[in-house]
Amino acid sequence: MVLCLTTVVWAEDGSRLWLRGEMPKDITQKIDPTMPDDDGYRISGRTVTARTEMGLLYGRYALLRGEQGESHPYYKLRILNHWDNIDGSIERGYAGKSIFWNNRLEIDHSLIEKYAEANASIGINGTVLNNVNASPKMLTSIYINKVKEVADILRPWGIRVYISVNFGSPKALGDLTTADPLDPKVRQWWQKKVKEIYAVIPDFGGFLVKANSEGQPGPFDYGRTHADGANMLADALKPYGGIVMWRSFVYGAKHKGEDRVKQAVSEFAELDGQFRDNVILQSKNGPLDFQPREPYAPIFHQMKKTPQMAELQITQEYLGQSKHLVYLAPMWKEFFSYVSPQQLVGIAGVANIGLDTNWCGHHFSQANWYAFGRLAWNPMLSSKKIAEEWLAQTFDDESSNKSQNLKSQLVSVMLRSREACVDYMMPLGLHHIFKFDHHMGPQPGGFIRSYPIEWCPVYYHRANADSIGFDRSHTGSNATAQYPEPYCSLYDDVNTCPERFLLWFHRVPWTRRMNSGRTLWEELQWHYNRGVAEVDDFAAVWQQVKPYIDEQRWQEVADLMAFQQQDARLWRDVCLEYFGQFANKK
C-alpha cells in the first residue's frame with residue numbers, strides 16, 4: 001500500500017518518495033504577465049495560470065490539494081530556520097540528525113531534493129541552514145562551498161538559502177583582534193566575506209543573527225547598539241540584495257535583573273527607525289520562549305518604523321517534543337488574533353525536520369510543518385481547514401460514512417490537542433516549569449545552581465502558602481505597560497485579565513473565585529484533570545481508526561499516544577502534588 005503525507009508518499013519499506021501518484025497529465029499551464037507580480041496562481045478546472053514559473057509550480061501542487069480559484073502569497077518571506085549544528089546534531093531537534101550537516105561534509109542530494117519538493121508543495125521559499133548559536137566556521141570557505149552545494153539543489157524549487165552567523169566571527173576566526181561593528185577593519189572584513197559568498201551563491205538570501213543573548217557575542221561587547229551591529233551587516237549585504245534578520249530574543253546582557261519578558265522591548269524600542277531598510281527584526285510570537293501559551297510579544301506593537309517578522313517554533317520544544325500529538329496551528333492563529341498579519345513582512349519557523357524516516361519523529365508532527373507553510377502563504381486560513389487538508393492528503397481516502405466520521409474525529413483531536421497540552425502542563429498562565437535544559441517533563445520546584453535565577457521554575461510561579469503567579473501589573477514588574485490599549489488595561493487589572501493569562505500577569509490567592517465558581521486551586525486541579533482526560537480521548541479515537549490506517553504508522557502513533565498519556569499524568573500528578581503543599585495550607 002502507498003500512503004501519502006502532504007504531497008509525500010510512503011512506500012511499505014518506509015523509504016521517502018514524493019507526490020501522490022504522478023502529476024495529472026492533462027494539466028494545462030499558462031503564463032499570464034498581467035497577473036500580480038508575485039508567485040501566485042489561478043486554477044480553473046485543470047488549467048493553472050501564473051505570472052512566473054514558480055507560480056505554475058505552486059499552482060500544480062494546489063491543484064493536487066483540490067484548490068480552484070486564485071491565490072497569492074501573503075508574505076514574500078516564508079522561511080524555515082534550522083537549528084542544525086555543523087557536527088550533525090540539532091538543538092531542540094527531535095527527529096534525528098541534520099539533513100544538511102555531518103562530520104564527513106557530505107551532502108545527500110536526493111534527500112535534499114525531496115526536502116525541497118516538500119517545501120515547494122506548501123509554498124516555503126527560504127531556509128536558514130544552521131543554528132542561530134552559529135559556529136564561526138560557517139564563514140570559512142569549506143562551509144560556504146557546502147552552502148553553495150545545497151543552494152544549487154534548492155534553487156529549482158524556488159528556495160533561497162540563508163545562514164546564521166556568529167557576530168564575533170572576525171575575531172573568533174583569528175583574522176582580527178576585534179569584532180567592533182564601528183571599526184573600519186571589521187566592516188571591511190564583513191564586506192569581503194559577503195562578496196566571497198555572493199561570488200558562488202548569486203541569489204544568497206542573507207544572514208540570521210542572534211547577538212548578545214545566552215552568551216552569544218554581539219555589539220554590546222564593544223559598547224555598541226543592536227542597530228550598530230545590524231547595520232554593519234546590512235551595509236555589506238545591501239549591494240547584492242541580501243537582508244539581515246536580527247533576532248530580538250535577548251536577555252541577561254544589558255538589563256540584568258529585569259523581568260525577562262520585558263527585555264526585548266527594553267533593548268529595541270529606543271532603536272526604532274535606526275535600522276537600515278534591509279534589516280528585519282525577527283521576534284518570537286511570545287515575549288518569553290515558545291511556551292505552550294504566552295500572551296503575544298508586545299515588541300510587535302512597539303516597533304513601528306522597523307520591518308518585523310514573526311518567529312514561530314514548529315519543533316515542539318516545550319510541547320512534548322516529538323512524543324506528544326500537539327497540532328500548533330491553533331496556537332499560531334491565536335497569535336494572529338493579536339498581531340495583524342499585515343504588521344509583518346514575513347514568517348520564520350524553527351524547523352522540526354531530521355533524518356528520521358518520517359522526517360519529524362512523530363507522524364502528526366508533520367502536520368505542523370505543513371501548517372506553517374500554509375499559514376505563511378495565507379495566514380487567514382483556519383486551523384480546521386489546514387487540518388482537513390493534511391489528513392486528506394496523509395491518509396488514504398475512504399468513501400464509507402464511517403471512515404469519514406472517524407476522519408472528522410481526528411480533525412477534532414488535532415484542533416483540541418494544543419489546549420489539552422496547556423491544561424496538563426501549565427494552565428491559567430503558568431509558564432516555564434519544565435525540567436532544566438532538555439525541557440521535557442515537569443519541574444515546578446527547585447533552583448539550579450550556577451545559573452541565573454530566571455532559568456529556574458520558581459522564578460516564574462512564585463508559589464507560597466498565600467498565592468501563586470508572577471505580578472507583571474503596575475504593582476509588580478509593570479510588563480503590562482509595554483502593551484498598547486486595550487491590552488494594557490485589560491491585562492493590568494486582575495479582574496479583567498483573561499483567565500488563560502491570569503498567573504502570567506498576576507499573583508493570585510489560592511482562594512480566589514474563578515469565573516466557574518471554583519477557587520483558583522480547584523480550577524487548577526480541574527484543568528490538569530481535563531488535560532489528562534482529553535489525551536485519553538485522543539487515544540480512544542486512534543483505536544477506532546485502526547482499520548483505516550496502515551499497521552506501521554498506526555502502531556507508531558499508538559505507542560507515542562501511550563507515552564503521551566503517561567506523560568500527561570506525570571505532569572498532572574507532579575504539579576498538583578507540588579502546588580498542593582502550598583494551596584492545601586489555606
# chains A, B, ... in the order shown; residues from 1 in each chain; ligands from 1

$ select_by_dssp --residues "stretch 85-309 of chain A" --states "alpha helix (DSSP H)" --output "JSON, numbers by chain"
{"A": [109, 110, 111, 112, 113, 114, 115, 116, 117, 118, 119, 120, 121, 141, 142, 143, 144, 145, 146, 147, 148, 149, 150, 151, 152, 153, 154, 169, 170, 171, 172, 184, 185, 186, 187, 188, 189, 190, 191, 192, 193, 194, 195, 196, 197, 198, 199, 200, 226, 227, 228, 229, 230, 231, 232, 233, 234, 235, 236, 237, 263, 264, 265, 266, 267, 268, 299, 300, 301, 302]}

$ residues_around --residues "A:Met331" --least-positions-apart "6" --cutoff "12 Å" --atoms "only C-alpha atoms" --output "PyMOL selection string"
chain A and resi 285-286+290-296+312-314+316+319+337-338+368+371-372+375+382-383+414-422

$ closest_residue --among "A:Asp32, A:Asp259, A:Glu522, A:Glu499" --to "A:Arg472" --atoms "only C-alpha atoms"
A:Asp259

$ residues_around --residues "A:His506" --least-positions-apart "6" --cutoff "7 Å" --atoms "only C-alpha atoms" --output "list in words"
Gly469, Phe470, Asp471, Arg472, Ser473 and Val494 of chain A

$ closest_residue --among "A:Ile159, A:Asn378, A:Ser110, A:His461" --to "A:Gly40" --atoms "only C-alpha atoms"
A:Asn378

$ atom_distance --atom1 "atom CA of A:Gly257" --atom2 "atom CA of A:Ser467"
22.6 Å

$ residues_around --residues "A:Ser98" --least-positions-apart "3" --cutoff "8 Å" --atoms "only C-alpha atoms" --output "number ranges by chain"
A: 84-85, 88-90, 101-102, 353-355

$ residues_around --residues "A:Ser141" --least-positions-apart "4" --cutoff "9 Å" --atoms "only C-alpha atoms" --output "list in words"
Lys137, Asn145, Lys146, Glu196 and Ile197 of chain A

$ write_last_selection --atoms "C-alpha atoms" --output "compact mmCIF listing (two decimals), in the first residue's frame"
# COMPACT_ATOMS: atom_id res chain seq x y z
CA LYS A 137 33.33 28.05 10.89
CA ASN A 145 31.07 25.86 -0.66
CA LYS A 146 28.80 23.35 1.08
CA GLU A 196 33.02 35.81 -1.28
CA ILE A 197 29.61 34.29 -0.58

$ residues_around --residues "stretch 439-441 of chain A" --least-positions-apart "5" --cutoff "7 Å" --atoms "only C-alpha atoms" --output "JSON, numbers by chain"
{"A": [317, 318, 320, 434, 571]}

$ closest_atom_pairs --of "stretch 339-451 of chain A" --to "stretch 508-518 of chain A" --cutoff "12 Å" --atoms "only C-alpha atoms" --output "JSON lines"
{"residue": "A:Leu428", "atom": "CA", "partner": "A:Met514", "partner_atom": "CA", "distance": 10.6}
{"residue": "A:Gly429", "atom": "CA", "partner": "A:Val508", "partner_atom": "CA", "distance": 11.2}
{"residue": "A:Leu430", "atom": "CA", "partner": "A:Val508", "partner_atom": "CA", "distance": 11.7}

$ write_last_selection --atoms "all heavy atoms" --output "PDB file, in the first residue's frame"
ATOM      1  N   LEU A 428      -3.797  28.269  33.056  1.00  0.00           N
ATOM      2  CA  LEU A 428      -4.106  29.522  33.732  1.00  0.00           C
ATOM      3  C   LEU A 428      -2.922  30.497  33.783  1.00  0.00           C
ATOM      4  O   LEU A 428      -2.821  31.324  34.678  1.00  0.00           O
ATOM      5  CB  LEU A 428      -4.619  29.262  35.159  1.00  0.00           C
ATOM      6  CG  LEU A 428      -5.886  28.399  35.248  1.00  0.00           C
ATOM      7  CD1 LEU A 428      -6.268  28.182  36.706  1.00  0.00           C
ATOM      8  CD2 LEU A 428      -7.036  29.044  34.491  1.00  0.00           C
ATOM      9  N   GLY A 429      -2.031  30.400  32.798  1.00  0.00           N
ATOM     10  CA  GLY A 429      -0.929  31.348  32.720  1.00  0.00           C
ATOM     11  C   GLY A 429       0.349  30.887  33.385  1.00  0.00           C
ATOM     12  O   GLY A 429       1.342  31.636  33.378  1.00  0.00           O
ATOM     13  N   LEU A 430       0.383  29.688  33.956  1.00  0.00           N
ATOM     14  CA  LEU A 430       1.648  29.149  34.440  1.00  0.00           C
ATOM     15  C   LEU A 430       2.614  28.989  33.271  1.00  0.00           C
ATOM     16  O   LEU A 430       2.194  28.741  32.141  1.00  0.00           O
ATOM     17  CB  LEU A 430       1.422  27.794  35.119  1.00  0.00           C
ATOM     18  CG  LEU A 430       0.763  27.807  36.499  1.00  0.00           C
ATOM     19  CD1 LEU A 430       0.438  26.396  36.936  1.00  0.00           C
ATOM     20  CD2 LEU A 430       1.664  28.490  37.522  1.00  0.00           C
TER      21      LEU A 430
END

$ closest_residue --among "A:Gln525, A:Asn103, A:Gln581, A:Gln282" --to "A:Val132" --atoms "only C-alpha atoms"
A:Gln282

$ residues_around --residues "A:Phe268" --least-positions-apart "5" --cutoff "9 Å" --atoms "only C-alpha atoms" --output "MDAnalysis selection string"
chainID A and resid 226:227 248 263 299 302:303

$ atom_distance --atom1 "atom CA of A:Ala558" --atom2 "atom CA of A:Trp542"
7.1 Å

$ select_by_dssp --residues "stretch 405-573 of chain A" --states "strand (DSSP E)" --output "PyMOL selection string"
chain A and resi 467-468+508-509
